[in-house]
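Q: The structure follows.
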Number of protein chains: 4
Amino acid sequence: MGDLHWKTKITGVAPNSLLVRGYRLDELMGRASFGGLVCLLLKGELPSGNHGKMIEAVLVSCVDHGATPPSTLAARTAVSTGTPLNAAVAAGILAISRFHGGAIEDCMKILHETGALIKDGGASSVREAAEIIVKKYREQGKRLPGFGHRLHTDDPRTAKLFQLAESYQVGEMYISIAKALQEQLLARSGKKLPINVDGAIAAVLCELGFDPECANAFFMIARLPGLVAHILEERNCQQPMRRIDPVDHQYDGPEQRPLPEDL
Amino acid sequence: MGDLHWKTKITGVAPNSLLVRGYRLDELMGRASFGGLVCLLLKGELPSGNHGKMIEAVLVSCVDHGATPPSTLAARTAVSTGTPLNAAVAAGILAISRFHGGAIEDCMKILHETGALIKDGGASSVREAAEIIVKKYREQGKRLPGFGHRLHTDDPRTAKLFQLAESYQVGEMYISIAKALQEQLLARSGKKLPINVDGAIAAVLCELGFDPECANAFFMIARLPGLVAHILEERNCQQPMRRIDPVDHQYDGPEQRPLPEDL
Amino acid sequence: MGDLHWKTKITGVAPNSLLVRGYRLDELMGRASFGGLVCLLLKGELPSGNHGKMIEAVLVSCVDHGATPPSTLAARTAVSTGTPLNAAVAAGILAISRFHGGAIEDCMKILHETGALIKDGGASSVREAAEIIVKKYREQGKRLPGFGHRLHTDDPRTAKLFQLAESYQVGEMYISIAKALQEQLLARSGKKLPINVDGAIAAVLCELGFDPECANAFFMIARLPGLVAHILEERNCQQPMRRIDPVDHQYDGPEQRPLPEDL
Amino acid sequence: MGDLHWKTKITGVAPNSLLVRGYRLDELMGRASFGGLVCLLLKGELPSGNHGKMIEAVLVSCVDHGATPPSTLAARTAVSTGTPLNAAVAAGILAISRFHGGAIEDCMKILHETGALIKDGGASSVREAAEIIVKKYREQGKRLPGFGHRLHTDDPRTAKLFQLAESYQVGEMYISIAKALQEQLLARSGKKLPINVDGAIAAVLCELGFDPECANAFFMIARLPGLVAHILEERNCQQPMRRIDPVDHQYDGPEQRPLPEDL
């Protein structure tokens, strides 16, 4: 051992042996889902009960959002210059930041702040805590991240996440806080600012016990397949160096179809 | 529609509606796995039968490899300068390229080349086709990507992938080709060059009908949670700007433990 | 010295001493230009005569090209999500590749190929060599990189680079080859495909003895200040997450003005 | 003009015309140095007097620092996987952040803070202002960025930058503040914490009127040629995927030599 010797708690590597957080990687294969491994790597433990299914649903919920997000446009712009897959993926990842994906982390912090009010006795109910927080943010002239959406007024992903959270018994503390904040936003401002998909994911990740610093990681992991699909489509179906209009595009994939029965 | 109007077949976005390749994203949540979505996005269709489980197992198989790979070292080096998560993730992705992760794609091409020999009548059996290919590469002084490993002589992930492929009825054509190539490598060189995890993944992705251009994407998608875990550990547990020794490190996470029964 | 001991010929670092390719860095400061250092680092030697001035002129020639290039759009798209300067710069760099900046390298190879014909006796004159090369590329249906431009029919940077090359006595071999290729393109196709700035830089870098593998590096080094200016302007003067139209923009900086006399 | 019409003050692009901040780019070539263009792009005006020479000296001062910095190690790690030049450069850029290069910006802010004390009457002399600032930072247990160096106790680049600043008449306000801070650090702590190259650059950039948000950009622009030299050396002279020891390396380039007389 030299002066620079260091330690890691993530994965043990030895000839013909890989231990992720103590579990044999070959034993995890076929038993644990990818979402389960995300949990094992980021939190240190496998999800219990149906929580692995919840994590997979969270990942699925933000797997792609068409050609509108800046990460997708940055990745398409990069690959249209002939840059290879890894460089185009990286360009997309570099556009996932505070204003794109970042609302999950910011919303988790507010849910924790609201929850702490209740635990510390600063508020006697979820409703009162939400009232205090909404008042505080409105007085500071700040918007609450995770509420309201430019395009979706009633995001179907939010409803589905909350429904799955209930059936998977994920917990209800932070989800009820999110709903209380939504009510207070309506009561105080008169404007409907519904919980958006970022807010719903934030509530679920809080229930699952993830640290807010993991939030943007979830978004990056989830979005990577979408970025890759756009990169390959751009490379295979478009002229190099075209001007990529950020608005004037249209979906011409398969029409709406029901899920296969055997899924 | 302006001059720059363009079309995409990936995801249709409209108010309160998201269609991925024709399926409602909220319907996919809770029904399809993340691996299923990777397939839907990269191939255009959901996996059938147990193929979604196979894809998840492939993703799990390369979710992390400790602190040895260059992508991990590049990501840790970047974050140790105080760079944010997305920048450190991008630095890791930029180190996934021809020699790191790239063997999957190269091996898929060789498996296809060998398979084409059989289909086109250039060889009368898998064994003969493998003989021709191994001879050709040896004469050119080239190594066969996907065979042999610096560290693992009997990679447990390879055996598990093939076992799962059998139980999930993924197909056997390309797996038998990979095994035949392994036999011919031994027969011709006298050296044991076992199918490594890249080779096993290559065979499985060929069976599942993925294009070789998707190979490195699978590796990036799979490795992202591992990269994030290393980035967060580096940021939270190490001094900024430390010299990161690429060899002199050690696993001190949980000791080997059995999987939870209810997984 | 351990097993991993390795050597580098670039910069020697010792307490209170920095030697770049053998020269004291503090002695270089104030004596050598930045262009001189680019030469010292990439070629191993300082430029002689006025060649350092030529390199600075090359760098100045491609320092920015407004909001039209994909590298600029990728960098602006990234920073509009709140990503920090280094991440936005990296996103821009990732969009400098084969079709954007890459023509310099491809053109250098063709200039070398044409020059080799003359040296090896495959052609008796610059004109004949150019004729052979243009014929070959036309028969293969390939365009000659470095000739023709989407926007500029008579690029003022080309004329200036050639004029400076003459006054700085940089050499004329490859410049005359480039001009001969331009004539042959006109003669064979009837179309005016003038040497563009990429072609002119290619010729100058060939005269200066740079390897084609350095070409894209020159472009990246030169363009970095432009990328930074766009990133800072986007961050300071635009709304986050705006849709960045790649065409519908306009210059409203200072009107055309003469250079200061004392420059 | 559509809804997304936008404006930029940097470069006007029209057929056969490029105006950078109002100056014709072809006129700038051969007249302005690259450092002059960095100033024009980042500050909006060309440098006056010898200030362009000062900027070039700043760029030269941090053009490379051997194989020790994390940006260099990240870039070498990336390229050793076979990733292309632009991806390896980006990996290096992503490792230029708060703790690597960032001290210039942090130091500029402290120099401004100290300067503001004098202007606002909070201190009656440079010495008193420096005393107040050093006291404040020491009480907060914070180190002053730009002072002290792991390796260099008497950085030759610092002395040279200050000497050039004097001969180029760049100004002396912020340089005298930096020197006063250095004296107070010695007086208060008994430890010699000399102005390092980051601190010296910070003082010079303050004199030249640059905004602190430009500081890291200067470092990236300056370091790019060094990163490229290391990337090309790694690619051309080393085995792919080698373990890159961050400490156990040695310079074996040309021995120390005098500058050419005609430089």
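Residues are named by chain letter and number: chains run A, B, ... in the order of the structure tokens, numbers start at 1 in each chain, and ligands are numbered from 1 in the order shown.
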When the cut-off is 10 Å and we count only C-alpha atoms, which residues of chain B are near chain C, given as a list in words?
A: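 The answer, sorted by residue number, is Leu4, Thr83, Pro84, Asn86, Ala87, Ala88, Ala90, Ala91, Leu94, Pro246 and Val247 of chain B.
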Q: Those same residues - N, CA and C atoms - I'd like them written as an mmCIF file, in the first residue's frame.
A:
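Saved result, part_33.cif, follows:
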```
data_model
loop_
_atom_site.group_PDB
_atom_site.id
_atom_site.type_symbol
_atom_site.label_atom_id
_atom_site.label_comp_id
_atom_site.auth_asym_id
_atom_site.auth_seq_id
_atom_site.Cartn_x
_atom_site.Cartn_y
_atom_site.Cartn_z
ATOM 1 N N LEU B 4 -37.796 24.650 -42.143
ATOM 2 C CA LEU B 4 -36.991 23.736 -41.344
ATOM 3 C C LEU B 4 -37.833 22.655 -40.670
ATOM 4 N N THR B 83 -16.421 20.042 -9.979
ATOM 5 C CA THR B 83 -17.356 20.127 -11.109
ATOM 6 C C THR B 83 -18.677 19.467 -10.712
ATOM 7 N N PRO B 84 -19.807 19.952 -11.241
ATOM 8 C CA PRO B 84 -21.093 19.388 -10.804
ATOM 9 C C PRO B 84 -21.354 17.986 -11.376
ATOM 10 N N ASN B 86 -23.536 16.667 -13.447
ATOM 11 C CA ASN B 86 -23.712 16.382 -14.872
ATOM 12 C C ASN B 86 -22.382 16.446 -15.617
ATOM 13 N N ALA B 87 -21.494 17.344 -15.209
ATOM 14 C CA ALA B 87 -20.191 17.448 -15.868
ATOM 15 C C ALA B 87 -19.332 16.220 -15.572
ATOM 16 N N ALA B 88 -19.391 15.718 -14.351
ATOM 17 C CA ALA B 88 -18.606 14.535 -14.000
ATOM 18 C C ALA B 88 -19.149 13.296 -14.712
ATOM 19 N N ALA B 90 -20.653 13.341 -17.594
ATOM 20 C CA ALA B 90 -20.243 13.491 -18.997
ATOM 21 C C ALA B 90 -18.785 13.091 -19.183
ATOM 22 N N ALA B 91 -17.920 13.476 -18.245
ATOM 23 C CA ALA B 91 -16.504 13.096 -18.351
ATOM 24 C C ALA B 91 -16.374 11.573 -18.356
ATOM 25 N N LEU B 94 -17.530 10.194 -21.738
ATOM 26 C CA LEU B 94 -16.553 10.474 -22.798
ATOM 27 C C LEU B 94 -15.416 9.456 -22.812
ATOM 28 N N PRO B 246 -4.851 4.764 -9.763
ATOM 29 C CA PRO B 246 -5.729 3.892 -10.536
ATOM 30 C C PRO B 246 -5.635 2.418 -10.123
ATOM 31 N N VAL B 247 -4.714 2.075 -9.248
ATOM 32 C CA VAL B 247 -4.498 0.670 -8.889
ATOM 33 C C VAL B 247 -4.587 0.461 -7.380
#
```
Q: Residues at most 12 Å from C:Ile118, counting only C-alpha atoms, excluding those fewer than 3 positions away in the same chain, as an MDAnalysis selection string?
A: chainID C and resid 111:115 121:133 173:174 177
Q: What's the 8 Å shell around B:Thr77, counting only C-alpha atoms, without same-chain residues fewer than 6 positions away, as a list in words?
A: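 Listed by chain and then number, they are Met241 and Ile244 of chain B; Pro70, Ser71, Leu73, Ala74 and Ala95 of chain D.
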Q: Limited to N, CA, C and O atoms, could you put the picked residues into a file as a short mmCIF file (atom, residue, chain, number, x, y, z; two decimals), in the first residue's frame?
A:
```cif
data_model
loop_
_atom_site.label_atom_id
_atom_site.label_comp_id
_atom_site.auth_asym_id
_atom_site.auth_seq_id
_atom_site.Cartn_x
_atom_site.Cartn_y
_atom_site.Cartn_z
N MET B 241 -9.32 17.41 -5.20
CA MET B 241 -8.02 17.50 -5.88
C MET B 241 -7.02 16.44 -5.42
O MET B 241 -5.82 16.59 -5.64
N ILE B 244 -5.67 10.46 -7.61
CA ILE B 244 -6.46 9.24 -7.58
C ILE B 244 -5.65 8.10 -8.18
O ILE B 244 -5.52 7.98 -9.39
N PRO D 70 -5.63 17.63 -12.75
CA PRO D 70 -6.74 16.72 -13.04
C PRO D 70 -7.29 16.87 -14.45
O PRO D 70 -7.72 15.87 -15.04
N SER D 71 -7.26 18.08 -15.02
CA SER D 71 -7.77 18.22 -16.39
C SER D 71 -6.92 17.40 -17.35
O SER D 71 -7.45 16.75 -18.27
N LEU D 73 -5.08 14.73 -16.58
CA LEU D 73 -5.29 13.30 -16.31
C LEU D 73 -6.64 12.83 -16.85
O LEU D 73 -6.75 11.73 -17.40
N ALA D 74 -7.67 13.66 -16.73
CA ALA D 74 -8.98 13.28 -17.27
C ALA D 74 -8.92 13.16 -18.79
O ALA D 74 -9.47 12.22 -19.37
N ALA D 95 -12.98 19.01 -16.16
CA ALA D 95 -12.23 18.96 -14.91
C ALA D 95 -11.58 20.30 -14.57
O ALA D 95 -10.70 20.37 -13.71
#
```
Q: Of the candidates A:Lys43, A:Lys135, A:Arg31, A:Arg76, which one gets nearest to A:Lys9 if we count only C-alpha atoms?
A: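 Comparing A:Lys43, A:Lys135, A:Arg31, A:Arg76 against A:Lys9, the winner is A:Lys43.
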Q: What lies within 10 Å of D:Leu193 using only C-alpha atoms, ignoring chain neighbours under 4 positions off, as a count of residues only?
A: 14
Q: Quick one: residues within 8 Å of A:Gly199, only C-alpha atoms counted, chain neighbours fewer than 2 positions away excluded, as a list of chain:residue names?
A: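 Surrounding residues, per the criterion: A:Ala103, A:Ile104, A:Cys107, A:Met108, A:Pro145, A:Gly146, A:Phe147, A:Ala178, A:Ile195, A:Asn196, A:Val197, A:Ile201, A:Ala202, A:Ala203.
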Q: Could you tell me, as number ranges by chain, which residues of stretch 130-256 of chain C DSSP assigns to helix (DSSP H, G or I) when given the backbone?
A: C: 130-139, 156-167, 173-189, 197-207, 212-237
Q: Just the residues within 8 Å of B:Ile175, please, counting only C-alpha atoms, with nothing from its chain fewer than 6 positions along; format it as a list in words.
A: Phe162, Ala200, Ala203, Val204 and Glu207 of chain B
Q: What lies within 9 Å of B:Leu25 using only C-alpha atoms, ignoring chain neighbours under 6 positions off, as a list in words?
A: Val60, Ser61, Cys62, Val63, Pro156 and Arg157 of chain A; Ser17, Leu18 and Leu19 of chain B
Q: From a backbone DSSP assignment, name each residue in stretch 47-222 of chain B labelled strand (DSSP E or B), as a list in words.
A: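 These are the residues in question: His65, Ala67, Ser97, His100, Gly101, Phe147 and Ile195 of chain B.
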Q: Work out how far apart atom CA of B:Leu117 and atom CA of B:Arg98 are and give it in Å to one decimal.
A: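 A separation of 25.5 Å between them.
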Q: Which of these, B:His51, B:Lys179, B:Arg24, B:Lys7, has the shortest distance to A:Asp262 once you count only C-alpha atoms?
A: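 Answer, going by the shortest atom-to-atom distance: B:His51.
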Q: Between D:Leu85, D:Ile231, D:Leu208, D:Leu46, which has the minimum distance to C:Leu263 (counting only C-alpha atoms)?
A: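 With only C-alpha atoms as the atom set, the closest residue is D:Leu46.
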